[in-house]
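Colleague: Okay, so here is input.pdb, and as you'll see once you scroll down, it has PDB, C-alpha atoms.
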ATOM      1  CA  ASP S   9       0.617  -3.102   6.565
ATOM      2  CA  VAL S  10       0.879  -6.740   5.459
ATOM      3  CA  HIS S  11       4.522  -6.967   4.304
ATOM      4  CA  GLY S  12       4.307 -10.350   2.648
ATOM      5  CA  ASP S  13       2.886 -12.213   5.654
ATOM      6  CA  ILE S  14       0.011 -14.367   4.425
ATOM      7  CA  ARG S  15      -0.797 -15.568   7.945
ATOM      8  CA  ALA S  16      -1.264 -12.032   9.226
ATOM      9  CA  LEU S  17      -3.275 -11.056   6.138
ATOM     10  CA  ARG S  18      -5.677 -13.949   6.605
ATOM     11  CA  GLU S  19      -6.212 -12.990  10.247
ATOM     12  CA  PHE S  20      -6.909  -9.366   9.275
ATOM     13  CA  LEU S  21      -9.508 -10.495   6.745
ATOM     14  CA  VAL S  22     -11.138 -12.998   9.097
ATOM     15  CA  LEU S  23     -11.336 -10.382  11.873
ATOM     16  CA  ALA S  24     -12.943  -8.012   9.367
ATOM     17  CA  LYS S  25     -15.559 -10.692   8.666
ATOM     18  CA  VAL S  26     -14.916 -10.629   4.941
ATOM     19  CA  LEU S  27     -13.002 -13.923   4.580
ATOM     20  CA  ASP S  28     -14.546 -17.290   5.385
ATOM     21  CA  PRO S  29     -12.079 -18.715   7.935
ATOM     22  CA  ASN S  30     -12.777 -22.219   6.634
ATOM     23  CA  SER S  31     -11.815 -21.341   3.070
ATOM     24  CA  SER S  32      -8.272 -21.830   1.829
ATOM     25  CA  THR S  33      -5.765 -19.213   0.745
ATOM     26  CA  GLU S  34      -5.829 -20.718  -2.754
ATOM     27  CA  ASP S  35      -9.650 -20.728  -2.920
ATOM     28  CA  PRO S  36     -10.812 -17.952  -0.554
ATOM     29  CA  LYS S  37     -14.476 -17.118  -0.043
ATOM     30  CA  TRP S  38     -15.742 -13.543   0.418
ATOM     31  CA  ILE S  39     -18.403 -13.385   3.131
ATOM     32  CA  GLY S  40     -18.498  -9.614   3.536
ATOM     33  CA  ASP S  41     -21.581  -9.004   1.376
ATOM     34  CA  GLU S  42     -21.690  -5.213   0.798
ATOM     35  CA  THR S  43     -18.744  -4.422   3.081
ATOM     36  CA  ILE S  44     -16.233  -1.876   1.758
ATOM     37  CA  CYS S  45     -12.752  -3.094   2.719
ATOM     38  CA  ILE S  46      -9.649  -0.911   2.368
ATOM     39  CA  GLN S  47      -6.100  -2.304   2.596
ATOM     40  CA  CYS S  48      -3.837   0.655   3.357
ATOM     41  CA  GLY S  49      -0.725  -0.331   1.396
ATOM     42  CA  ASP S  50       2.640  -2.028   1.999
ATOM     43  CA  VAL S  51       1.761  -5.532   0.931
ATOM     44  CA  LEU S  52       5.319  -5.733  -0.395
ATOM     45  CA  ASP S  53       8.749  -6.389   1.195
ATOM     46  CA  ARG S  54       9.943  -7.889   4.484
ATOM     47  CA  GLY S  55       8.052 -11.176   3.918
ATOM     48  CA  ASP S  56       8.108 -14.339   1.814
ATOM     49  CA  ASP S  57       4.545 -14.416   0.461
ATOM     50  CA  GLU S  58       4.029 -11.110  -1.329
ATOM     51  CA  LEU S  59       2.497 -12.549  -4.494
ATOM     52  CA  ALA S  60       0.376 -14.967  -2.480
ATOM     53  CA  CYS S  61      -0.989 -11.982  -0.541
ATOM     54  CA  TYR S  62      -1.798 -10.133  -3.751
ATOM     55  CA  ARG S  63      -3.435 -13.222  -5.237
ATOM     56  CA  LEU S  64      -5.657 -13.634  -2.171
ATOM     57  CA  LEU S  65      -6.633  -9.954  -2.167
ATOM     58  CA  ALA S  66      -7.314  -9.884  -5.921
ATOM     59  CA  ASN S  67      -9.496 -12.987  -5.668
ATOM     60  CA  LEU S  68     -11.526 -11.505  -2.826
ATOM     61  CA  SER S  69     -11.783  -8.161  -4.634
ATOM     62  CA  ARG S  70     -13.475  -9.823  -7.615
ATOM     63  CA  GLN S  71     -15.882 -11.681  -5.343
ATOM     64  CA  ALA S  72     -16.617  -8.541  -3.312
ATOM     65  CA  SER S  73     -17.581  -6.627  -6.450
ATOM     66  CA  GLU S  74     -19.968  -9.393  -7.483
ATOM     67  CA  ALA S  75     -21.563  -9.321  -4.006
ATOM     68  CA  GLY S  76     -22.092  -5.543  -4.031
ATOM     69  CA  GLY S  77     -19.119  -4.742  -1.806
ATOM     70  CA  SER S  78     -15.533  -3.824  -2.630
ATOM     71  CA  LEU S  79     -11.936  -4.442  -1.634
ATOM     72  CA  THR S  80      -9.525  -1.664  -2.559
ATOM     73  CA  LEU S  81      -5.731  -1.692  -2.277
ATOM     74  CA  LEU S  82      -3.761   1.496  -1.650
ATOM     75  CA  TYR S  83      -0.210   2.312  -2.643
ATOM     76  CA  GLY S  84       2.302   2.222   0.177
ATOM     77  CA  ASN S  85       5.866   3.460   0.097
ATOM     78  CA  HIS S  86       7.070  -0.100  -0.470
ATOM     79  CA  GLU S  87       4.976  -0.386  -3.625
ATOM     80  CA  SER S  88       6.634   2.829  -4.824
ATOM     81  CA  LEU S  89      10.099   1.490  -3.997
ATOM     82  CA  ASN S  90       9.526  -1.744  -5.877
ATOM     83  CA  ALA S  91       8.097   0.048  -8.904
ATOM     84  CA  ALA S  92      11.301   2.106  -9.035
ATOM     85  CA  GLY S  93      13.531  -0.984  -8.915
ATOM     86  CA  LEU S  94      14.585  -0.452  -5.291
ATOM     87  CA  PHE S  95      14.512  -3.791  -3.495
ATOM     88  CA  HIS S  96      16.665  -3.304  -0.406
ATOM     89  CA  TYR S  97      13.758  -4.215   1.925
ATOM     90  CA  ALA S  98      12.909  -7.436   0.066
ATOM     91  CA  ASN S  99      13.409 -10.796   1.778
ATOM     92  CA  PRO S 100      15.343 -13.605   0.065
ATOM     93  CA  GLY S 101      12.206 -15.740   0.382
ATOM     94  CA  GLY S 102      10.148 -13.047  -1.302
ATOM     95  CA  ASN S 103      12.624 -12.808  -4.156
ATOM     96  CA  ALA S 104      12.470 -16.585  -4.537
ATOM     97  CA  GLU S 105       8.679 -16.343  -4.825
ATOM     98  CA  TYR S 106       9.004 -13.889  -7.727
ATOM     99  CA  GLU S 107      11.546 -16.175  -9.378
ATOM    100  CA  ARG S 108       9.224 -19.156  -8.966
ATOM    101  CA  GLU S 109       6.014 -17.413 -10.011
ATOM    102  CA  ILE S 110       7.275 -14.903 -12.589
ATOM    103  CA  GLY S 111      10.822 -15.679 -13.715
ATOM    104  CA  THR S 112      10.365 -19.283 -14.774
ATOM    105  CA  LEU S 113       7.221 -18.393 -16.724
ATOM    106  CA  LEU S 114       9.083 -15.649 -18.570
ATOM    107  CA  ASP S 115      11.919 -18.033 -19.383
ATOM    108  CA  THR S 116       9.389 -20.372 -20.966
ATOM    109  CA  SER S 117       7.275 -17.787 -22.782
ATOM    110  CA  LEU S 118      10.299 -15.966 -24.222
ATOM    111  CA  GLY S 119      12.223 -19.145 -24.958
ATOM    112  CA  THR S 120      15.333 -17.754 -23.281
ATOM    113  CA  ASN S 121      16.618 -16.553 -19.934
ATOM    114  CA  ARG S 122      18.661 -13.772 -21.490
ATOM    115  CA  TRP S 123      15.853 -11.262 -20.822
ATOM    116  CA  ARG S 124      17.299 -11.152 -17.297
ATOM    117  CA  LEU S 125      20.453  -9.384 -18.474
ATOM    118  CA  GLN S 126      18.699  -6.023 -18.915
ATOM    119  CA  TYR S 127      18.149  -5.893 -15.129
ATOM    120  CA  ALA S 128      21.895  -6.303 -14.397
ATOM    121  CA  GLY S 129      21.386  -8.896 -11.672
ATOM    122  CA  ASN S 130      19.024  -6.682  -9.641
ATOM    123  CA  GLN S 131      16.207  -9.172  -8.977
ATOM    124  CA  PRO S 132      15.066  -9.422 -12.610
ATOM    125  CA  SER S 133      11.877 -11.380 -11.878
ATOM    126  CA  ARG S 134      10.708  -8.885  -9.241
ATOM    127  CA  TRP S 135      11.701  -5.888 -11.364
ATOM    128  CA  ALA S 136       9.975  -7.218 -14.485
ATOM    129  CA  ALA S 137       6.782  -7.713 -12.482
ATOM    130  CA  MET S 138       6.632  -4.439 -10.557
ATOM    131  CA  GLU S 139       8.065  -1.768 -12.884
ATOM    132  CA  PRO S 140       5.885   0.716 -14.810
ATOM    133  CA  GLY S 141       4.573  -1.108 -17.872
ATOM    134  CA  GLY S 142       5.633  -4.392 -16.268
ATOM    135  CA  ILE S 143       3.830  -7.688 -15.957
ATOM    136  CA  LEU S 144       1.657  -6.670 -13.000
ATOM    137  CA  ALA S 145       1.186  -3.022 -13.994
ATOM    138  CA  GLU S 146      -2.185  -3.395 -15.704
ATOM    139  CA  PRO S 147      -3.786  -6.348 -13.880
ATOM    140  CA  LEU S 148      -2.776  -5.211 -10.376
ATOM    141  CA  MET S 149      -0.987  -1.905  -9.818
ATOM    142  CA  ALA S 150      -3.203   0.219 -12.078
ATOM    143  CA  ASN S 151      -6.177  -0.705  -9.890
ATOM    144  CA  MET S 152      -4.517   0.542  -6.715
ATOM    145  CA  LYS S 153      -5.153   4.042  -5.388
ATOM    146  CA  VAL S 154      -3.111   6.633  -3.546
ATOM    147  CA  ALA S 155      -6.109   7.639  -1.441
ATOM    148  CA  ILE S 156      -9.847   7.026  -1.313
ATOM    149  CA  VAL S 157     -12.801   8.614   0.459
ATOM    150  CA  VAL S 158     -15.500   6.327   1.832
ATOM    151  CA  GLY S 159     -18.337   8.107   3.580
ATOM    152  CA  ARG S 160     -16.813  10.527   6.100
ATOM    153  CA  THR S 161     -13.367   8.886   6.081
ATOM    154  CA  VAL S 162     -10.326   9.280   3.839
ATOM    155  CA  PHE S 163      -7.871   6.396   3.649
ATOM    156  CA  VAL S 164      -4.208   6.866   2.655
ATOM    157  CA  HIS S 165      -0.999   5.013   3.455
ATOM    158  CA  ALA S 166       0.914   7.781   5.246
ATOM    159  CA  GLY S 167      -1.108  10.995   5.208
ATOM    160  CA  LEU S 168      -2.489  13.896   3.212
ATOM    161  CA  THR S 169      -1.927  17.615   3.499
ATOM    162  CA  ALA S 170      -3.921  20.440   1.996
ATOM    163  CA  SER S 171      -1.059  21.100  -0.435
ATOM    164  CA  HIS S 172      -1.210  17.507  -1.708
ATOM    165  CA  ILE S 173      -4.899  17.883  -2.403
ATOM    166  CA  GLN S 174      -4.582  21.287  -4.025
ATOM    167  CA  ARG S 175      -1.604  20.251  -6.181
ATOM    168  CA  TYR S 176      -3.589  17.438  -7.776
ATOM    169  CA  ASP S 177      -6.991  19.142  -7.649
ATOM    170  CA  GLY S 178      -8.255  16.436  -5.308
ATOM    171  CA  ILE S 179      -7.413  12.811  -4.643
ATOM    172  CA  GLU S 180      -8.910  11.841  -8.000
ATOM    173  CA  GLY S 181      -5.978  13.669  -9.609
ATOM    174  CA  MET S 182      -3.485  11.734  -7.479
ATOM    175  CA  ASN S 183      -5.045   8.423  -8.406
ATOM    176  CA  LYS S 184      -5.084   9.358 -12.087
ATOM    177  CA  ALA S 185      -1.401  10.372 -12.008
ATOM    178  CA  ALA S 186      -0.404   7.116 -10.309
ATOM    179  CA  ARG S 187      -2.416   5.011 -12.748
ATOM    180  CA  GLU S 188      -1.026   6.742 -15.831
ATOM    181  CA  TRP S 189       2.538   6.433 -14.552
ATOM    182  CA  ILE S 190       2.407   2.733 -13.675
ATOM    183  CA  LEU S 191       0.822   1.797 -17.003
ATOM    184  CA  GLN S 192       3.522   3.451 -19.106
ATOM    185  CA  ASN S 193       6.907   1.981 -19.993
ATOM    186  CA  HIS S 194       9.299   4.883 -19.320
ATOM    187  CA  HIS S 195      12.590   3.268 -20.301
ATOM    188  CA  GLY S 196      11.914   2.354 -23.928
ATOM    189  CA  ASP S 197      11.927  -1.068 -25.562
ATOM    190  CA  ASN S 198      12.830  -4.131 -23.532
ATOM    191  CA  ASN S 199      15.920  -6.059 -24.588
ATOM    192  CA  ASN S 200      14.412  -9.506 -24.053
ATOM    193  CA  ILE S 201      16.922 -11.245 -26.309
ATOM    194  CA  GLY S 202      19.760  -9.906 -24.173
ATOM    195  CA  MET S 203      21.975  -8.601 -26.964
ATOM    196  CA  TYR S 204      24.731  -6.596 -25.279
ATOM    197  CA  LYS S 205      28.307  -5.968 -26.265
ATOM    198  CA  SER S 206      29.749  -5.478 -22.788
ATOM    199  CA  VAL S 207      29.053  -5.603 -19.071
ATOM    200  CA  GLU S 208      29.209  -1.812 -19.032
ATOM    201  CA  GLU S 209      26.370  -1.689 -21.554
ATOM    202  CA  VAL S 210      24.274  -3.996 -19.388
ATOM    203  CA  VAL S 211      24.820  -1.838 -16.308
ATOM    204  CA  ALA S 212      24.123   1.380 -18.198
ATOM    205  CA  ASP S 213      20.862  -0.051 -19.536
ATOM    206  CA  ALA S 214      19.694  -1.034 -16.050
ATOM    207  CA  GLU S 215      20.687   2.346 -14.618
ATOM    208  CA  THR S 216      18.671   4.112 -17.326
ATOM    209  CA  ARG S 217      15.705   1.887 -16.544
ATOM    210  CA  ALA S 218      15.804   2.784 -12.848
ATOM    211  CA  ARG S 219      16.481   6.471 -13.458
ATOM    212  CA  GLN S 220      13.572   6.878 -15.873
ATOM    213  CA  ALA S 221      11.149   5.241 -13.456
ATOM    214  CA  SER S 222      12.275   7.448 -10.562
ATOM    215  CA  GLN S 223      12.393  10.690 -12.526
ATOM    216  CA  THR S 224       8.911  10.238 -13.991
ATOM    217  CA  MET S 225       7.283   9.003 -10.764
ATOM    218  CA  PRO S 226       4.520  11.422  -9.697
ATOM    219  CA  GLU S 227       5.139  13.378  -6.503
ATOM    220  CA  CYS S 228       2.229  11.653  -4.774
ATOM    221  CA  LEU S 229       4.245   8.396  -4.840
ATOM    222  CA  SER S 230       7.795   9.658  -4.550
ATOM    223  CA  ALA S 231      10.092  11.194  -1.908
ATOM    224  CA  GLY S 232      11.926   8.580   0.161
ATOM    225  CA  VAL S 233      12.718   8.165   3.854
ATOM    226  CA  GLY S 234      11.765  11.361   5.663
ATOM    227  CA  GLY S 235       9.796  12.575   2.645
ATOM    228  CA  GLU S 236       6.490  14.395   2.701
ATOM    229  CA  SER S 237       4.454  12.556   0.068
ATOM    230  CA  PRO S 238       1.162  10.733   0.834
ATOM    231  CA  VAL S 239       3.020   7.419   0.994
ATOM    232  CA  TRP S 240       6.018   8.605   3.039
ATOM    233  CA  MET S 241       5.077  11.345   5.545
ATOM    234  CA  ARG S 242       4.835  10.541   9.275
ATOM    235  CA  ASP S 243       3.475  13.813  10.650
ATOM    236  CA  TYR S 244       0.261  12.203  11.908
ATOM    237  CA  SER S 245       1.609   8.805  12.972
ATOM    238  CA  SER S 246       4.969   9.268  14.682
ATOM    239  CA  PRO S 247       5.955   8.526  17.347
ATOM    240  CA  CYS S 248       3.881   5.388  17.753
ATOM    241  CA  ASP S 249       1.193   5.190  20.417
ATOM    242  CA  SER S 250       1.702   8.879  21.261
ATOM    243  CA  ALA S 251       0.625  12.315  20.125
ATOM    244  CA  PRO S 252       2.423  13.324  16.909
ATOM    245  CA  ARG S 253       5.784  14.981  17.380
ATOM    246  CA  ASN S 254       5.123  17.679  14.786
ATOM    247  CA  PRO S 255       3.539  20.627  16.661
ATOM    248  CA  MET S 256       1.768  21.646  13.437
ATOM    249  CA  ALA S 257       0.141  18.247  12.921
ATOM    250  CA  GLN S 258      -3.293  19.277  14.222
ATOM    251  CA  GLN S 259      -3.444  22.306  11.968
ATOM    252  CA  MET S 260      -2.171  20.236   9.038
ATOM    253  CA  ILE S 261      -4.829  17.552   9.346
ATOM    254  CA  ASP S 262      -7.576  20.116   9.974
ATOM    255  CA  LEU S 263      -6.665  21.916   6.736
ATOM    256  CA  ALA S 264      -6.371  18.657   4.798
ATOM    257  CA  LEU S 265      -9.813  17.450   5.841
ATOM    258  CA  GLU S 266     -11.271  20.870   5.060
ATOM    259  CA  ALA S 267      -9.676  20.768   1.597
ATOM    260  CA  LEU S 268     -11.229  17.376   0.923
ATOM    261  CA  GLY S 269     -14.743  18.604   1.659
ATOM    262  CA  HIS S 270     -17.520  16.025   1.319
ATOM    263  CA  ASP S 271     -17.992  16.153   5.117
ATOM    264  CA  VAL S 272     -14.804  14.117   5.615
ATOM    265  CA  GLU S 273     -14.138  13.957   9.359
ATOM    266  CA  ARG S 274     -11.164  11.637   9.772
ATOM    267  CA  MET S 275      -8.089  10.182   8.090
ATOM    268  CA  VAL S 276      -6.993   6.546   8.364
ATOM    269  CA  VAL S 277      -3.263   5.927   7.882
ATOM    270  CA  GLY S 278      -0.791   3.061   8.185
ATOM    271  CA  HIS S 279       2.972   3.315   7.617
ATOM    272  CA  THR S 280       4.150   3.753  11.231
ATOM    273  CA  PRO S 281       3.695   0.611  13.362
ATOM    274  CA  GLN S 282       1.676   1.094  16.529
ATOM    275  CA  HIS S 283       1.178  -1.455  19.303
ATOM    276  CA  HIS S 284      -2.582  -1.038  18.931
ATOM    277  CA  ILE S 285      -4.855   0.830  16.540
ATOM    278  CA  ASN S 286      -5.340   4.293  17.998
ATOM    279  CA  ALA S 287      -6.606   7.796  17.206
ATOM    280  CA  ALA S 288      -4.709  11.045  17.674
ATOM    281  CA  LEU S 289      -5.262  14.718  16.827
ATOM    282  CA  LYS S 290      -8.715  14.966  18.407
ATOM    283  CA  GLY S 291      -9.806  11.711  16.826
ATOM    284  CA  LYS S 292      -9.028  12.857  13.291
ATOM    285  CA  ALA S 293      -6.001  10.603  12.666
ATOM    286  CA  TRP S 294      -6.588   6.884  13.010
ATOM    287  CA  ARG S 295      -3.286   4.957  12.920
ATOM    288  CA  VAL S 296      -3.976   1.341  11.877
ATOM    289  CA  ASP S 297      -0.587  -0.270  11.167
ATOM    290  CA  VAL S 298      -0.027  -2.673  14.071
ATOM    291  CA  GLY S 299       3.193  -4.202  12.725
ATOM    292  CA  ALA S 300       1.527  -7.616  12.422
ATOM    293  CA  SER S 301       3.965  -8.956   9.837
ATOM    294  CA  SER S 302       6.649 -11.292  11.106
ATOM    295  CA  GLY S 303       9.072  -9.116   9.155
ATOM    296  CA  VAL S 304       8.211  -6.071  11.269
ATOM    297  CA  MET S 305       7.317  -6.863  14.888
ATOM    298  CA  SER S 306       4.780  -9.730  14.798
ATOM    299  CA  GLY S 307       2.153  -7.486  16.339
ATOM    300  CA  THR S 308      -1.372  -8.631  17.104
ATOM    301  CA  PRO S 309      -3.692  -8.114  14.102
ATOM    302  CA  GLU S 310      -6.482  -5.590  14.570
ATOM    303  CA  VAL S 311      -9.042  -4.117  12.186
ATOM    304  CA  LEU S 312     -10.719  -0.715  12.222
ATOM    305  CA  GLU S 313     -14.463  -1.057  11.679
ATOM    306  CA  ILE S 314     -16.491   1.988  10.644
ATOM    307  CA  ILE S 315     -20.256   1.620  10.389
ATOM    308  CA  HIS S 316     -21.588   4.553   8.401
ATOM    309  CA  GLY S 317     -24.345   6.407  10.192
ATOM    310  CA  GLY S 318     -26.017   7.751   7.073
ATOM    311  CA  ASP S 319     -27.188  11.339   6.744
ATOM    312  CA  THR S 320     -28.622  11.652  10.231
ATOM    313  CA  GLU S 321     -26.494   9.543  12.576
ATOM    314  CA  GLN S 322     -22.835   9.599  13.586
ATOM    315  CA  ASP S 323     -20.533   6.833  12.351
ATOM    316  CA  THR S 324     -19.854   4.017  14.811
ATOM    317  CA  ILE S 325     -16.146   3.214  15.086
ATOM    318  CA  SER S 326     -14.764   0.081  16.728
ATOM    319  CA  ILE S 327     -11.550  -1.933  16.774
ATOM    320  CA  LEU S 328     -11.867  -5.654  16.070
ATOM    321  CA  SER S 329      -9.307  -8.037  17.562
ATOM    322  CA  ARG S 330      -8.944 -11.579  18.852
ATOM    323  CA  SER S 331     -10.408 -10.481  22.177
ATOM    324  CA  GLY S 332     -13.510  -8.954  20.609
ATOM    325  CA  LYS S 333     -14.683  -5.416  19.873
ATOM    326  CA  THR S 334     -13.244  -2.283  21.483
ATOM    327  CA  ALA S 335     -15.023   1.070  21.401
ATOM    328  CA  ALA S 336     -13.293   4.000  19.712
ATOM    329  CA  ASN S 337     -13.227   6.103  22.867
ATOM    330  CA  GLN S 338     -10.907   3.573  24.504
ATOM    331  CA  ARG S 339      -8.233   4.118  21.873
ATOM    332  CA  GLN S 340      -7.907   7.900  21.900
ATOM    333  CA  ILE S 341      -4.406   9.311  22.370
ATOM    334  CA  ALA S 342      -4.279  12.365  24.610
ATOM    335  CA  ASP S 343      -3.030  15.415  22.733
ATOM    336  CA  VAL S 344      -0.033  17.131  24.260
ATOM    337  CA  MET S 345       0.033  20.898  24.090
ATOM    338  CA  LEU S 346       3.497  22.285  23.359
ATOM    339  CA  PHE S 347       4.377  25.758  24.658
TER     340      PHE S 347
END
Turn the structure described in the file into C-alpha cells.
Modeller:
Amino acid sequence: DVHGDIRALREFLVLAKVLDPNSSTEDPKWIGDETICIQCGDVLDRGDDELACYRLLANLSRQASEAGGSLTLLYGNHESLNAAGLFHYANPGGNAEYEREIGTLLDTSLGTNRWRLQYAGNQPSRWAAMEPGGILAEPLMANMKVAIVVGRTVFVHAGLTASHIQRYDGIEGMNKAAREWILQNHHGDNNNIGMYKSVEEVVADAETRARQASQTMPECLSAGVGGESPVWMRDYSSPCDSAPRNPMAQQMIDLALEALGHDVERMVVGHTPQHHINAALKGKAWRVDVGASSGVMSGTPEVLEIIHGGDTEQDTISILSRSGKTAANQRQIADVMLF
C-alpha cells in the first residue's frame, strides 16, 4: 500500500526492476520489458503525493504496455472511501495537492470558483476528481480492477471468498461492476455555476451527492471498517506477522481458490501492514503490505516476485528488498491449530 508516499513508491518500483532508478519521477522509464506488475491498492490517503503517485504509475503503465508487459492498479478500501466522498484519512498536504492540480484548473476552465459550493466545503477539488463520473473516473479509476488472476496467483487488496466469486460469477463480474459504477454520475447534473438559495440547500445537495454514491456502490467495493468485501476484509491478513485469527480462514481461502479455478494456487493481499512480506494458511495467503508509507509506519519496502514456471514447472517465489533476494520458504508463517 503506497498511501501517497512517492519515495516509497519509487523504491518499490526500483526493487521490482521495472523503474530505471536514474530516471525522474516526472519522466520515469520502464525497464521491466514483459514483466507483469500489480499494485495492490491504497495509493490514496495518509500522504502528500497521491496524484504524483498516480501520475508515475500511469506513465509506467503506458510504457509497460508498449514493451509487452503491464502495470495494473487494484482498488483498495481508500479508493472506495474517496470515491464516496469520505476523506477523513486524507492528509492536509494531499488535499493541497488536489487543490493545486485539480481545483485551480477547474476554476480556470469553468471561469468561476462557484462550482465548489456543491461540495459544501468537503474538499471540493478531491471530491470532483475521485467521485463516480468525476474528472479521474474515465482516465484512471475505470482502468483499475477489484481483483486479477495472473498465472497461478490471484491479486486483491484485502481478500476473496467463494461467496464473492459466486455472487459476481467470477472476478470479471466484480471488475465490470466497479467499472460501470465509477463511470456513471449517480447524483444528477452538476451545479457548476453554484446557484443556491440557502446554505441548507447547499448542504442538502452535497448530502444527496454522497448518499447516491454510497447507495449505488457495488458490494465488491463497499462495507467499511470491519466489513467483509474484497477491499475491506482482514480474515487472511490479521493479525500481522502471525497466523490469521479467524479459525475458518484456511477453509475460506481453500474454497475461494477452488471457486476461481484456472489452477490458482495462492492469493496476494495488502490492506493489513506486516513488518515483512509473509505467507500464511499453508502458503496460500501472501500478505504484501509492509506499511512503507511515512503515513503508516515507514516500513522497509519489499516486493513479491513470482516467476511463472509454465505448464511443467512450479512457480518460483522470492521477496526482493534492499538486502537482496529472500526465498519464499523463509517467510512462511506457522499455522496455529485451534482446539
Colleague: Separation of atom CA of His279 of chain S and atom CA of Ala166 of chain S, in Å?
Modeller: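 These atoms are spaced 5.5 Å apart.
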Colleague: Take the PyMOL selection byres ((chain S and resi 124) around 10), run it mentally on this structure, and tell me the resulting residues as a list in words.
Modeller: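 Checking the PyMOL selection byres ((chain S and resi 124) around 10) against this file, the residues are Gly111, Leu114, Asp115, Thr120, Asn121, Arg122, Trp123, Leu125, Gln126, Tyr127, Ala128, Gly129, Asn130, Gln131, Pro132, Ser133, Trp135, Ala136, Asn199, Asn200, Ile201 and Gly202 of chain S.
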Colleague: Extract, using all atoms listed in the file, all DNA, RNA and protein residues at most 7 Å from Val311 of chain S, discarding same-chain residues fewer than 2 positions from it, and format them as an MDAnalysis selection string.
Modeller: chainID S and resid 20 23:24 309 313 327:329
Colleague: To one decimal place, how far is atom CA of Ala257 of chain S from atom CA of Val276 of chain S in Å?
Modeller: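 One can read the atom CA of Ala257 of chain S to atom CA of Val276 of chain S distance as 14.4 Å.
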Colleague: Could you check how far atom CA of Thr280 of chain S sits from atom CA of Arg253 of chain S, in Å to one decimal?
Modeller: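 Taking atom CA of Thr280 of chain S as the start and atom CA of Arg253 of chain S as the end point, the length is 12.9 Å.
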Colleague: Kindly provide, as a list of chain:residue names, the polymer residues lying within 8 Å of (-2.7, -0.1, 11.7), counting all atoms listed in the file and using the coordinates exactly as they appear in the file.
Modeller: S:Asp9, S:Val277, S:Gly278, S:His279, S:Thr280, S:Pro281, S:Gln282, S:His284, S:Ile285, S:Arg295, S:Val296, S:Asp297, S:Val298, S:Gly299, S:Glu310, S:Val311
Colleague: Selected residues, C-alpha atoms, written as an mmCIF file, in the coordinates of the input, please.
Modeller:
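Done, and the output landed in again-v3.cif:
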data_model
loop_
_atom_site.group_PDB
_atom_site.id
_atom_site.type_symbol
_atom_site.label_atom_id
_atom_site.label_comp_id
_atom_site.auth_asym_id
_atom_site.auth_seq_id
_atom_site.Cartn_x
_atom_site.Cartn_y
_atom_site.Cartn_z
ATOM 1 C CA ASP S 9 0.617 -3.102 6.565
ATOM 2 C CA VAL S 277 -3.263 5.927 7.882
ATOM 3 C CA GLY S 278 -0.791 3.061 8.185
ATOM 4 C CA HIS S 279 2.972 3.315 7.617
ATOM 5 C CA THR S 280 4.150 3.753 11.231
ATOM 6 C CA PRO S 281 3.695 0.611 13.362
ATOM 7 C CA GLN S 282 1.676 1.094 16.529
ATOM 8 C CA HIS S 284 -2.582 -1.038 18.931
ATOM 9 C CA ILE S 285 -4.855 0.830 16.540
ATOM 10 C CA ARG S 295 -3.286 4.957 12.920
ATOM 11 C CA VAL S 296 -3.976 1.341 11.877
ATOM 12 C CA ASP S 297 -0.587 -0.270 11.167
ATOM 13 C CA VAL S 298 -0.027 -2.673 14.071
ATOM 14 C CA GLY S 299 3.193 -4.202 12.725
ATOM 15 C CA GLU S 310 -6.482 -5.590 14.570
ATOM 16 C CA VAL S 311 -9.042 -4.117 12.186
#
Colleague: Name every residue that the PyMOL selection byres ((chain S and resi 61) around 8) selects in this structure, writing the answer as a list in words with chains first and numbers rising.
Modeller: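 That expression, the PyMOL selection byres ((chain S and resi 61) around 8), corresponds here to Gly12, Asp13, Ile14, Leu17, Val51, Asp57, Glu58, Leu59, Ala60, Tyr62, Arg63, Leu64 and Leu65 of chain S.
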Colleague: To test your reading of the syntax: which residues would the PyMOL selection byres ((chain S and resi 268) around 12) return for the file shown? Reply as JSON, numbers by chain.
Modeller: {"S": [155, 156, 157, 158, 159, 160, 161, 162, 163, 168, 169, 170, 171, 172, 173, 174, 176, 177, 178, 179, 180, 261, 262, 263, 264, 265, 266, 267, 269, 270, 271, 272, 273, 274, 275]}
Colleague: Which polymer residues have any atom within 9 Å of an atom of Glu227 of chain S, counting all atoms listed in the file, with same-chain residues fewer than 4 positions away left out, as a tab-separated table (two decimals) with C-alpha atoms, in the coordinates of the input?
Modeller:
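Writing done, so here's part18.tsv:
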chain	number	residue	atom	x	y	z
S	172	HIS	CA	-1.21	17.51	-1.71
S	182	MET	CA	-3.48	11.73	-7.48
S	231	ALA	CA	10.09	11.19	-1.91
S	237	SER	CA	4.45	12.56	0.07
S	238	PRO	CA	1.16	10.73	0.83
Colleague: Name the closest residue to Asn67 of chain S among the candidates S:Asn193, S:Thr116, S:Thr80, S:Asn90; distances are taken between atoms, counting only C-alpha atoms.
Modeller: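 Smallest separation from Asn67 of chain S among the options: S:Thr80.
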Colleague: Looking at S:Met138, S:Ala342, S:Val22, S:Ala92, which one is nearest to Arg217 of chain S, with distances taken over only C-alpha atoms?
Modeller: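 Of the candidates, the smallest distance to Arg217 of chain S is held by S:Ala92.
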Colleague: Using only C-alpha atoms, can you tell me which of S:Leu94, S:Leu82, S:Leu21, S:Ile341 comes closest to Glu215 of chain S?
Modeller: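 For Glu215 of chain S, the nearest of the given residues is S:Leu94.
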Colleague: Pick from S:His283, S:Arg18, S:Cys48, S:Arg70: nearest to Val304 of chain S, with only C-alpha atoms counted?
Modeller: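 Ranked by minimum distance to Val304 of chain S, first place goes to S:His283.
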Colleague: Please determine, counting all atoms listed in the file, which residue among S:Gln220, S:Ser326, S:Thr308, S:Gln340 has the shortest atom-to-atom distance to Ser250 of chain S.
Modeller: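 Checking each candidate against Ser250 of chain S, we get S:Gln340 as the closest.
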